[in-house]
$ cat query-v8.txt   # compact mmCIF, C-alpha atoms
# COMPACT_ATOMS: atom_id res chain seq x y z
CA MET N 1 0.00 0.00 0.00
CA PRO N 2 1.35 3.50 -0.81
CA PRO N 3 2.44 5.53 2.23
CA ALA N 4 -0.17 7.56 4.04
CA PRO N 5 -0.29 11.28 3.20
CA SER N 6 1.46 13.70 5.54
CA TYR N 7 -0.37 15.54 8.30
CA ARG N 8 -0.58 18.71 6.23
CA SER N 9 -1.81 16.88 3.14
CA THR N 10 -4.45 15.01 5.15
CA VAL N 11 -5.73 18.19 6.79
CA ALA N 12 -5.71 20.09 3.48
CA ALA N 13 -7.63 17.32 1.69
CA LEU N 14 -10.17 16.98 4.48
CA ALA N 15 -10.61 20.77 4.59
CA PHE N 16 -11.35 20.92 0.85
CA GLY N 17 -13.77 18.03 1.29
CA GLN N 18 -15.49 19.91 4.12
CA ILE N 19 -16.16 22.94 1.89
CA LEU N 20 -17.78 20.81 -0.82
CA SER N 21 -19.65 18.53 1.58
CA TRP N 22 -21.07 21.33 3.74
CA ALA N 23 -22.03 23.30 0.64
CA ALA N 24 -23.79 20.32 -0.92
CA LEU N 25 -25.36 18.61 2.07
CA TYR N 26 -26.30 21.46 4.39
CA TYR N 27 -26.66 24.73 2.53
CA THR N 28 -28.23 23.80 -0.82
CA PHE N 29 -31.65 22.61 0.38
CA THR N 30 -33.15 26.06 0.85
CA THR N 31 -32.08 27.11 -2.68
CA PHE N 32 -34.02 24.23 -4.24
CA VAL N 33 -37.26 24.89 -2.34
CA LEU N 34 -38.74 27.52 -4.66
CA PRO N 35 -37.85 25.77 -7.95
CA MET N 36 -39.38 22.54 -6.63
CA GLU N 37 -42.43 24.40 -5.37
CA ARG N 38 -42.99 25.91 -8.82
CA ALA N 39 -42.39 22.62 -10.64
CA LEU N 40 -44.21 20.19 -8.35
CA GLY N 41 -46.73 22.36 -6.48
CA TRP N 42 -45.66 21.21 -3.02
CA SER N 43 -45.87 23.57 -0.05
CA THR N 44 -42.75 24.86 1.65
CA PRO N 45 -43.71 23.35 5.08
CA ALA N 46 -44.21 19.94 3.47
CA MET N 47 -40.74 20.08 1.90
CA MET N 48 -39.13 21.41 5.09
CA GLY N 49 -40.37 18.28 6.84
CA ALA N 50 -37.96 16.26 4.69
CA PHE N 51 -35.04 18.35 5.94
CA THR N 52 -36.23 17.91 9.53
CA LEU N 53 -36.23 14.15 8.98
CA ALA N 54 -32.65 14.43 7.74
CA LEU N 55 -31.65 16.20 10.96
CA VAL N 56 -33.16 13.38 13.00
CA MET N 57 -31.36 10.76 10.90
CA TRP N 58 -28.11 12.68 11.35
CA GLY N 59 -28.50 12.35 15.12
CA VAL N 60 -29.56 8.70 15.02
CA ALA N 61 -26.57 7.73 12.85
CA SER N 62 -23.90 9.60 14.83
CA TYR N 63 -23.22 6.94 17.46
CA ALA N 64 -22.80 4.10 14.95
CA VAL N 65 -20.42 6.28 12.96
CA GLY N 66 -18.41 6.98 16.10
CA VAL N 67 -18.11 3.26 16.84
CA ALA N 68 -16.83 2.61 13.31
CA ILE N 69 -14.20 5.35 13.66
CA ASP N 70 -13.03 3.95 17.00
CA ARG N 71 -12.55 0.60 15.24
CA GLY N 72 -10.21 2.21 12.73
CA ARG N 73 -12.71 2.50 9.87
CA GLY N 74 -12.64 6.26 9.46
CA ARG N 75 -11.58 6.02 5.83
CA ALA N 76 -14.53 3.78 4.97
CA VAL N 77 -16.88 6.06 6.93
CA MET N 78 -15.97 9.30 5.17
CA ALA N 79 -15.49 7.87 1.69
CA GLY N 80 -18.63 5.75 2.03
CA GLY N 81 -20.58 8.74 3.35
CA SER N 82 -19.60 10.79 0.31
CA ALA N 83 -20.70 7.99 -2.02
CA LEU N 84 -23.98 7.66 -0.09
CA ALA N 85 -24.47 11.41 -0.48
CA ALA N 86 -24.01 11.05 -4.24
CA LEU N 87 -26.71 8.38 -4.27
CA GLY N 88 -29.01 10.67 -2.29
CA PHE N 89 -28.57 13.59 -4.68
CA ALA N 90 -29.18 11.31 -7.66
CA MET N 91 -32.40 10.09 -5.99
CA TRP N 92 -33.40 13.70 -5.25
CA SER N 93 -33.02 14.63 -8.91
CA ARG N 94 -35.71 12.05 -9.77
CA VAL N 95 -38.32 12.77 -7.07
CA ASP N 96 -41.91 13.18 -8.20
CA SER N 97 -43.71 12.57 -4.90
CA LEU N 98 -43.35 13.74 -1.31
CA PRO N 99 -42.76 10.20 0.07
CA LEU N 100 -39.81 9.83 -2.31
CA LEU N 101 -38.46 13.23 -1.22
CA TYR N 102 -38.63 12.12 2.41
CA ALA N 103 -36.93 8.81 1.58
CA THR N 104 -34.19 10.71 -0.23
CA TRP N 105 -33.52 12.95 2.75
CA ALA N 106 -33.49 9.96 5.08
CA VAL N 107 -30.56 8.73 2.97
CA LEU N 108 -28.93 12.17 2.90
CA GLY N 109 -29.51 12.56 6.62
CA THR N 110 -27.36 9.53 7.29
CA ALA N 111 -24.62 11.01 5.12
CA MET N 112 -24.95 14.63 6.18
CA ALA N 113 -23.52 16.96 8.80
CA MET N 114 -21.49 15.20 11.50
CA ALA N 115 -22.87 11.75 10.68
CA MET N 116 -20.51 10.36 8.02
CA THR N 117 -18.89 13.17 6.08
CA LEU N 118 -18.71 16.42 8.02
CA TYR N 119 -17.04 17.91 11.07
CA GLU N 120 -17.77 15.29 13.72
CA PRO N 121 -16.18 12.25 12.02
CA ALA N 122 -13.33 14.38 10.66
CA PHE N 123 -12.61 15.70 14.17
CA ALA N 124 -12.63 12.19 15.66
CA ILE N 125 -10.30 10.86 12.96
CA LEU N 126 -7.83 13.73 13.39
CA THR N 127 -7.91 13.27 17.16
CA ARG N 128 -6.99 9.59 16.83
CA ARG N 129 -4.38 10.01 14.09
CA TYR N 130 -2.61 13.11 15.37
CA PRO N 131 -2.86 13.21 19.20
CA GLN N 132 -0.37 16.07 19.50
CA ARG N 133 -1.74 18.24 16.70
CA TYR N 134 -5.46 17.53 16.44
CA MET N 135 -6.58 20.95 17.73
CA ARG N 136 -4.63 22.73 14.99
CA GLY N 137 -6.24 20.39 12.44
CA ILE N 138 -9.71 21.01 13.86
CA SER N 139 -9.11 24.76 13.74
CA THR N 140 -8.01 24.52 10.09
CA LEU N 141 -11.02 22.41 9.09
CA THR N 142 -13.51 24.79 10.67
CA LEU N 143 -11.75 27.83 9.25
CA VAL N 144 -11.87 26.50 5.70
CA GLY N 145 -15.34 24.98 6.13
CA GLY N 146 -16.65 28.38 7.13
CA PHE N 147 -16.50 29.44 3.49
CA ALA N 148 -18.98 26.73 2.45
CA SER N 149 -22.04 28.95 2.79
CA THR N 150 -20.33 31.69 0.80
CA LEU N 151 -19.74 29.19 -2.00
CA ALA N 152 -23.01 27.27 -1.79
CA PHE N 153 -25.68 29.88 -2.47
CA PRO N 154 -24.30 31.59 -5.60
CA ALA N 155 -22.97 28.30 -7.02
CA THR N 156 -26.32 26.55 -6.56
CA VAL N 157 -28.25 29.44 -8.13
CA TRP N 158 -25.83 29.39 -11.09
CA LEU N 159 -26.26 25.62 -11.51
CA ILE N 160 -30.06 25.83 -11.36
CA ASP N 161 -30.10 28.66 -13.91
CA GLY N 162 -27.89 26.68 -16.28
CA LEU N 163 -29.05 23.10 -15.77
CA GLY N 164 -32.47 23.31 -14.13
CA TRP N 165 -33.01 22.06 -10.62
CA ARG N 166 -32.88 18.37 -11.56
CA GLY N 167 -29.72 18.83 -13.60
CA ALA N 168 -28.11 20.82 -10.79
CA LEU N 169 -28.77 17.95 -8.38
CA LEU N 170 -27.18 15.45 -10.76
CA PHE N 171 -24.13 17.71 -11.05
CA ILE N 172 -23.81 17.79 -7.25
CA ALA N 173 -24.17 13.99 -7.16
CA GLY N 174 -21.28 13.72 -9.61
CA LEU N 175 -19.19 16.13 -7.52
CA MET N 176 -19.70 14.02 -4.39
CA LEU N 177 -18.98 10.74 -6.21
CA PHE N 178 -16.04 11.71 -8.42
CA VAL N 179 -14.34 14.43 -6.33
CA VAL N 180 -15.16 14.13 -2.63
CA THR N 181 -15.28 10.32 -2.38
CA PRO N 182 -11.80 9.71 -3.87
CA LEU N 183 -10.44 12.71 -1.94
CA HIS N 184 -11.52 11.17 1.38
CA ALA N 185 -10.25 7.75 0.32
CA TRP N 186 -6.84 9.22 -0.55
CA ALA N 187 -6.50 11.46 2.50
CA LEU N 188 -7.28 8.71 5.02
CA ARG N 189 -5.00 5.94 3.74
CA GLY N 190 -2.96 4.16 6.37
CA PRO N 191 -3.84 3.05 9.88
CA SER N 192 -5.00 5.33 12.65
CA ALA N 193 -2.54 5.81 15.48
CA PRO N 194 -3.55 3.74 18.51
CA PRO N 195 -4.53 5.66 21.63
CA ALA N 196 -1.50 6.49 23.72
CA PRO N 197 -1.20 4.43 26.91
CA PRO N 198 -1.74 6.31 30.16
CA THR N 199 1.34 7.59 31.95
CA SER N 200 1.93 7.61 35.65
CA ALA N 201 1.47 11.37 35.69
CA GLU N 202 -2.09 11.10 34.41
CA ALA N 203 -4.99 10.77 36.78
CA PRO N 204 -6.91 7.55 36.11
CA PRO N 205 -8.73 6.83 33.97
CA ALA N 206 -6.48 8.40 31.34
CA HIS N 207 -8.76 7.25 28.49
CA THR N 208 -12.39 6.84 29.48
CA THR N 209 -14.67 4.27 27.87
CA LEU N 210 -18.19 5.16 26.80
CA ASP N 211 -19.65 3.04 29.62
CA ALA N 212 -17.59 4.93 32.18
CA ALA N 213 -18.47 8.26 30.62
CA LEU N 214 -22.19 7.47 30.74
CA ARG N 215 -21.90 6.73 34.46
CA GLY N 216 -20.25 10.08 35.13
CA ARG N 217 -21.76 13.50 35.66
CA SER N 218 -19.53 15.31 33.18
CA PHE N 219 -20.84 13.52 30.08
CA TRP N 220 -24.47 14.39 30.81
CA LEU N 221 -23.74 17.98 31.78
CA LEU N 222 -21.57 18.59 28.71
CA THR N 223 -24.27 17.03 26.55
CA ALA N 224 -26.89 19.24 28.17
CA ALA N 225 -24.72 22.33 27.63
CA PHE N 226 -24.21 21.71 23.91
CA THR N 227 -27.82 20.59 23.45
CA CYS N 228 -29.04 23.89 24.94
CA TYR N 229 -26.63 25.84 22.76
CA TYR N 230 -27.60 24.17 19.50
CA PHE N 231 -31.31 24.26 20.34
CA ALA N 232 -31.16 28.03 20.90
CA ALA N 233 -29.07 28.59 17.77
CA ALA N 234 -31.35 26.45 15.58
CA ALA N 235 -34.44 28.23 16.88
CA LEU N 236 -32.85 31.59 16.13
CA TRP N 237 -31.88 30.59 12.58
CA VAL N 238 -35.35 29.35 11.68
CA HIS N 239 -37.12 32.46 13.05
CA LEU N 240 -34.48 35.06 12.18
CA MET N 241 -36.10 36.74 9.19
CA PRO N 242 -39.56 36.99 10.82
CA MET N 243 -37.86 38.32 13.95
CA LEU N 244 -36.15 41.06 11.97
CA ALA N 245 -39.40 41.86 10.14
CA ALA N 246 -41.12 42.21 13.52
CA LYS N 247 -38.53 44.87 14.39
CA GLY N 248 -39.64 46.87 11.34
CA LEU N 249 -36.80 45.98 8.97
CA THR N 250 -37.42 45.52 5.27
CA GLU N 251 -36.06 42.40 3.59
CA ALA N 252 -33.12 44.36 2.21
CA GLN N 253 -32.34 45.82 5.64
CA ALA N 254 -32.59 42.38 7.22
CA LEU N 255 -30.18 40.93 4.67
CA SER N 256 -27.75 43.75 5.40
CA VAL N 257 -27.66 42.43 8.98
CA VAL N 258 -27.51 38.65 8.40
CA VAL N 259 -24.80 38.98 5.75
CA TRP N 260 -22.33 39.67 8.60
CA PHE N 261 -22.76 36.28 10.27
CA GLY N 262 -20.38 34.54 7.85
CA PRO N 263 -17.53 37.07 7.99
CA ALA N 264 -17.75 37.19 11.80
CA GLN N 265 -17.62 33.39 11.95
CA VAL N 266 -14.55 33.23 9.72
CA PHE N 267 -12.89 36.12 11.58
CA GLY N 268 -13.33 34.29 14.89
CA ARG N 269 -11.75 31.14 13.47
CA LEU N 270 -8.87 33.16 11.98
CA LEU N 271 -8.20 34.69 15.38
CA HIS N 272 -8.23 31.25 16.97
CA ALA N 273 -5.87 29.82 14.35
CA ARG N 274 -3.46 32.72 14.87
CA PHE N 275 -3.66 33.33 18.62
CA GLY N 276 -5.98 30.86 20.32
CA LEU N 277 -4.37 27.43 19.90
CA ARG N 278 -2.86 27.63 23.40
CA LEU N 279 -6.32 28.16 24.85
CA SER N 280 -7.83 24.91 26.11
CA PRO N 281 -11.08 23.70 24.51
CA ARG N 282 -12.79 24.02 27.90
CA ALA N 283 -11.75 27.66 28.29
CA LEU N 284 -12.84 28.44 24.74
CA ALA N 285 -16.22 26.78 25.28
CA LEU N 286 -16.77 28.65 28.55
CA ALA N 287 -16.10 31.98 26.85
CA MET N 288 -18.40 31.26 23.90
CA LEU N 289 -21.22 29.89 26.08
CA ALA N 290 -21.00 33.02 28.22
CA LEU N 291 -21.31 35.24 25.13
CA LEU N 292 -24.32 33.41 23.66
CA PRO N 293 -26.99 34.70 26.12
CA LEU N 294 -25.49 38.19 25.87
CA ALA N 295 -25.87 38.10 22.08
CA LEU N 296 -29.45 36.84 22.30
CA ALA N 297 -30.43 39.40 24.95
CA LEU N 298 -28.94 42.16 22.78
CA PHE N 299 -30.99 40.96 19.82
CA ALA N 300 -34.15 40.85 21.92
CA LEU N 301 -33.77 44.34 23.35
CA VAL N 302 -32.48 46.48 20.46
CA ASP N 303 -34.30 47.59 17.32
CA HIS N 304 -31.80 50.02 15.81
CA ARG N 305 -29.51 48.86 13.03
CA ALA N 306 -26.23 49.50 14.85
CA GLY N 307 -27.27 47.24 17.71
CA LEU N 308 -28.46 44.54 15.31
CA LEU N 309 -25.15 44.65 13.44
CA LEU N 310 -23.33 44.23 16.76
CA PHE N 311 -25.54 41.22 17.48
CA ALA N 312 -24.75 39.70 14.07
CA LEU N 313 -21.01 40.10 14.62
CA LEU N 314 -21.17 38.70 18.14
CA PHE N 315 -23.40 35.74 17.27
CA GLY N 316 -21.34 34.90 14.19
CA PHE N 317 -18.16 35.02 16.26
CA VAL N 318 -19.63 32.68 18.88
CA ASN N 319 -21.08 30.30 16.31
CA GLY N 320 -17.74 30.06 14.53
CA LEU N 321 -15.73 29.19 17.63
CA ILE N 322 -18.16 26.89 19.44
CA THR N 323 -17.58 24.26 16.73
CA ILE N 324 -13.84 24.24 17.49
CA ALA N 325 -14.50 24.06 21.22
CA ARG N 326 -16.96 21.18 20.76
CA GLY N 327 -14.40 19.25 18.72
CA GLY N 328 -11.76 19.53 21.45
CA VAL N 329 -13.84 19.11 24.60
CA VAL N 330 -14.50 15.36 24.25
CA PRO N 331 -10.83 14.27 24.05
CA GLU N 332 -9.92 16.84 26.70
CA PHE N 333 -12.45 15.37 29.16
CA PHE N 334 -12.43 11.69 28.18
CA GLY N 335 -9.23 10.94 26.26
CA ARG N 336 -8.89 9.44 22.79
CA ALA N 337 -9.57 5.72 23.24
CA GLN N 338 -13.29 5.97 22.49
CA VAL N 339 -13.54 9.52 21.23
CA GLY N 340 -15.75 8.39 18.32
CA ARG N 341 -18.24 6.56 20.54
CA ILE N 342 -18.43 9.27 23.19
CA SER N 343 -18.65 12.11 20.69
CA GLY N 344 -21.21 10.17 18.63
CA ALA N 345 -23.39 9.46 21.66
CA MET N 346 -23.27 13.12 22.65
CA SER N 347 -24.10 14.22 19.11
CA SER N 348 -26.99 11.78 18.82
CA ILE N 349 -28.71 13.37 21.80
CA THR N 350 -27.84 16.92 20.83
CA LEU N 351 -28.90 16.65 17.20
CA VAL N 352 -32.19 14.86 17.80
CA VAL N 353 -33.19 17.50 20.36
CA ARG N 354 -32.01 20.29 18.05
CA SER N 355 -34.26 18.99 15.27
CA THR N 356 -37.27 19.78 17.48
CA ALA N 357 -36.32 23.45 17.85
CA PRO N 358 -38.35 24.87 14.92
CA LEU N 359 -41.57 23.12 15.96
CA ALA N 360 -41.08 23.66 19.71
CA THR N 361 -40.49 27.39 19.33
CA ALA N 362 -43.43 27.71 16.95
CA TRP N 363 -45.62 26.24 19.69
CA LEU N 364 -44.02 28.55 22.25
CA LEU N 365 -44.99 31.56 20.13
CA LEU N 366 -48.63 30.60 20.64
CA VAL N 367 -48.35 31.41 24.35
CA LEU N 368 -45.78 34.24 24.32
CA PRO N 369 -46.60 37.85 23.38
CA GLY N 370 -44.11 37.95 20.52
CA TYR N 371 -40.61 37.44 19.17
CA ARG N 372 -38.94 39.65 21.78
CA GLU N 373 -40.13 37.34 24.55
CA LEU N 374 -39.18 34.26 22.53
CA THR N 375 -35.64 35.61 22.07
CA LEU N 376 -35.35 36.33 25.79
CA ALA N 377 -36.49 32.76 26.46
CA LEU N 378 -33.74 31.54 24.16
CA ALA N 379 -31.27 33.71 26.08
CA GLY N 380 -32.42 31.81 29.18
CA VAL N 381 -31.63 28.55 27.37
CA GLY N 382 -28.18 30.01 26.67
CA ILE N 383 -27.69 30.73 30.38
CA ALA N 384 -28.65 27.12 31.12
CA ALA N 385 -26.00 25.96 28.61
CA PHE N 386 -23.32 27.99 30.39
CA ALA N 387 -24.42 26.77 33.82
CA CYS N 388 -24.35 23.10 32.74
CA PHE N 389 -20.87 23.49 31.30
CA VAL N 390 -19.55 25.11 34.49
CA TRP N 391 -21.18 22.37 36.60
CA ALA N 392 -19.43 19.71 34.49
CA GLY N 393 -16.21 20.74 36.23
CA ARG N 394 -12.68 20.40 34.93
CA PRO N 395 -11.36 17.55 32.79
CA ARG N 396 -9.48 14.85 34.66
CA VAL N 397 -7.40 13.93 31.63
CA SER N 398 -6.05 15.55 28.49
CA GLY N 399 -6.62 13.35 25.41
$ encode --input "query-v8.txt" --output "structure tokens"
Amino acid sequence: MPPAPSYRSTVAALAFGQILSWAALYYTFTTFVLPMERALGWSTPAMMGAFTLALVMWGVASYAVGVAIDRGRGRAVMAGGSALAALGFAMWSRVDSLPLLYATWAVLGTAMAMAMTLYEPAFAILTRRYPQRYMRGISTLTLVGGFASTLAFPATVWLIDGLGWRGALLFIAGLMLFVVTPLHAWALRGPSAPPAPPTSAEAPPAHTTLDAALRGRSFWLLTAAFTCYYFAAAALWVHLMPMLAAKGLTEAQALSVVVWFGPAQVFGRLLHARFGLRLSPRALALAMLALLPLALALFALVDHRAGLLLFALLFGFVNGLITIARGGVVPEFFGRAQVGRISGAMSSITLVVRSTAPLATAWLLLVLPGYRELTLALAGVGIAAFACFVWAGRPRVSG
């Protein structure tokens, strides 16, 4: 077998794969909604249900993916996930009924964000392969992946204009099959490094098993913290444009606010890559979880454009860095031996709960006076996230 690629080559290949995979699997759906609505006559809520199903499947699949990575099958996971994504896009290009659309997104949900192809498996693989340098790799992946949304929307519109929505989906299927799949297969050649044995200086257990983690307080409190964070963030994303309209902003004015999320996210990751690598994942997570309720409270209480721009910059900054913190917290608290299983179990809970955010907050709006009160309630969820993370204590080991 040819020698495995170097650390830099592996990280660079995975980073390029992250841009294409995030762009295809996460950001394109909304761009296809209107063309499909015009062509097939389906309602937007009916189609959004397919994406919600995908989010649930993403959560359900995460633990099994983590087990496979812990068994040294990371290459098969990420290359196979890309091929499965290609199959899903090809199926999507042929849909002519809502049941088939839902079946397609059940397939894509298994292959989408953090299940087989995106950040979560990539983080776990880097953690196992490069125990001394995984945080730098995670930072690089998230920095590069942050440009996916910038690429996805104009590229998808251009493809739909040139090929029609069905042709655009077939093009994306080809991209996943003939570019991303071989890229993952090439980047992840060679065996994963085995977990380092504990040293006498490390407090036992140096590398926690999933069973031990589930019996401890830290796992459940960390899971609760990230679940609260992602629930609040998902609820904000789904209601953001109506929230801004309720503040009296036109669509153009609202877009002039939300356009700053991406640059703020990338700026935060650039700062971390340049200055923040010595900061522990726990310290980074504490800082970001403390800023989240402040950002949400600011959004709830201000109506003028300057305050809303400050919110967009702050929320984008937090959202960009929490991904890096999440990737480093599991090995920092539990070691590397079963990082895939533990991270997958945590993600399964977090992602399934997060998928309920749009519906749960829609119900909450029936009893609250308006969006201001809903946003303050989400700020309360952010405070709960911070409190749970603090209560989880300090890590006993460092991966």
$ atom_distance --input "query-v8.txt" --atom1 "atom CA of N:Phe89" --atom2 "atom CA of N:Phe171"
8.8 Å
$ residues_around --input "query-v8.txt" --residues "N:Thr127" --least-positions-apart "6" --cutoff "8 Å" --atoms "only C-alpha atoms" --output "VMD selection string"
chain N and resid 133 to 135 331 336 339
$ atom_distance --input "query-v8.txt" --atom1 "atom CA of N:Leu294" --atom2 "atom CA of N:Ile322"
14.9 Å
$ closest_residue --input "query-v8.txt" --among "N:Leu279, N:Ala76, N:Leu100, N:Ala64" --to "N:Trp186" --atoms "all atoms listed in the file"
N:Ala76
$ residues_around --input "query-v8.txt" --residues "N:Ala148" --least-positions-apart "3" --cutoff "6 Å" --atoms "all atoms listed in the file" --output "CSV table (one decimal) with C-alpha atoms, keeping the file's coordinate frame"
chain,number,residue,atom,x,y,z
N,19,ILE,CA,-16.2,22.9,1.9
N,22,TRP,CA,-21.1,21.3,3.7
N,23,ALA,CA,-22.0,23.3,0.6
N,145,GLY,CA,-15.3,25.0,6.1
N,151,LEU,CA,-19.7,29.2,-2.0
N,152,ALA,CA,-23.0,27.3,-1.8
$ residues_near_point --input "query-v8.txt" --point "(-16.8, 7.2, 13.7)" --cutoff "10 Å" --atoms "all atoms listed in the file" --output "ChimeraX atom specification"
/N:61-78,114-117,120-125,338-344
$ closest_residue --input "query-v8.txt" --among "N:Arg189, N:Trp58, N:Ala13, N:Gly49" --to "N:Arg354" --atoms "only C-alpha atoms"
N:Trp58
$ closest_residue --input "query-v8.txt" --among "N:Ser97, N:Thr227, N:Thr209, N:Ser21" --to "N:Phe386" --atoms "only C-alpha atoms"
N:Thr227
$ residues_around --input "query-v8.txt" --residues "N:Ala4" --least-positions-apart "6" --cutoff "9 Å" --atoms "all atoms listed in the file" --output "tab-separated table (two decimals) with C-alpha atoms, in the coordinates of the input"
chain	number	residue	atom	x	y	z
N	10	THR	CA	-4.45	15.01	5.15
N	186	TRP	CA	-6.84	9.22	-0.55
N	187	ALA	CA	-6.50	11.46	2.50
N	188	LEU	CA	-7.28	8.71	5.02
N	189	ARG	CA	-5.00	5.94	3.74
N	190	GLY	CA	-2.96	4.16	6.37
N	191	PRO	CA	-3.84	3.05	9.88
$ atom_distance --input "query-v8.txt" --atom1 "atom CA of N:Val157" --atom2 "atom CA of N:Ala86"
19.3 Å
$ closest_residue --input "query-v8.txt" --among "N:Phe267, N:Tyr27, N:Phe299, N:Tyr7" --to "N:Pro154" --atoms "all atoms listed in the file"
N:Tyr27
$ residues_around --input "query-v8.txt" --residues "N:Ala325" --least-positions-apart "5" --cutoff "8 Å" --atoms "all atoms listed in the file" --output "list in words"
Pro281, Arg282, Leu284 and Ala285 of chain N
$ axis_aligned_box --input "query-v8.txt" --around "stretch 330-335 of chain N" --padding-each-side "8 Å" --output "JSON"
{"center_x": -11.9, "center_y": 13.9, "center_z": 26.6, "size_x": 21.3, "size_y": 21.9, "size_z": 21.1}
$ residues_around --input "query-v8.txt" --residues "stretch 136-141 of chain N" --least-positions-apart "3" --cutoff "7 Å" --atoms "only C-alpha atoms" --output "count of residues only"
12
$ closest_atom_pairs --input "query-v8.txt" --of "stretch 31-57 of chain N" --to "stretch 164-170 of chain N" --cutoff "10 Å" --atoms "only C-alpha atoms" --output "Markdown table"
| residue | atom | partner | partner_atom | distance |
| --- | --- | --- | --- | --- |
| N:Thr31 | CA | N:Trp165 | CA | 9.5 |
| N:Phe32 | CA | N:Trp165 | CA | 6.8 |
| N:Val33 | CA | N:Trp165 | CA | 9.7 |
| N:Leu34 | CA | N:Trp165 | CA | 9.9 |
| N:Pro35 | CA | N:Trp165 | CA | 6.7 |
| N:Met36 | CA | N:Trp165 | CA | 7.5 |
| N:Ala39 | CA | N:Trp165 | CA | 9.4 |
$ residues_near_point --input "query-v8.txt" --point "(-31.3, 14.1, 4.5)" --cutoff "9 Å" --atoms "all atoms listed in the file" --output "PyMOL selection string"
chain N and resi 25-26+50-58+85+88+102-112
$ closest_residue --input "query-v8.txt" --among "N:Ala24, N:Met288, N:Ala295, N:Ala306" --to "N:Ser256" --atoms "all atoms listed in the file"
N:Ala306
$ closest_residue --input "query-v8.txt" --among "N:Leu351, N:Phe311, N:Ala235, N:Ala283" --to "N:Leu365" --atoms "only C-alpha atoms"
N:Ala235
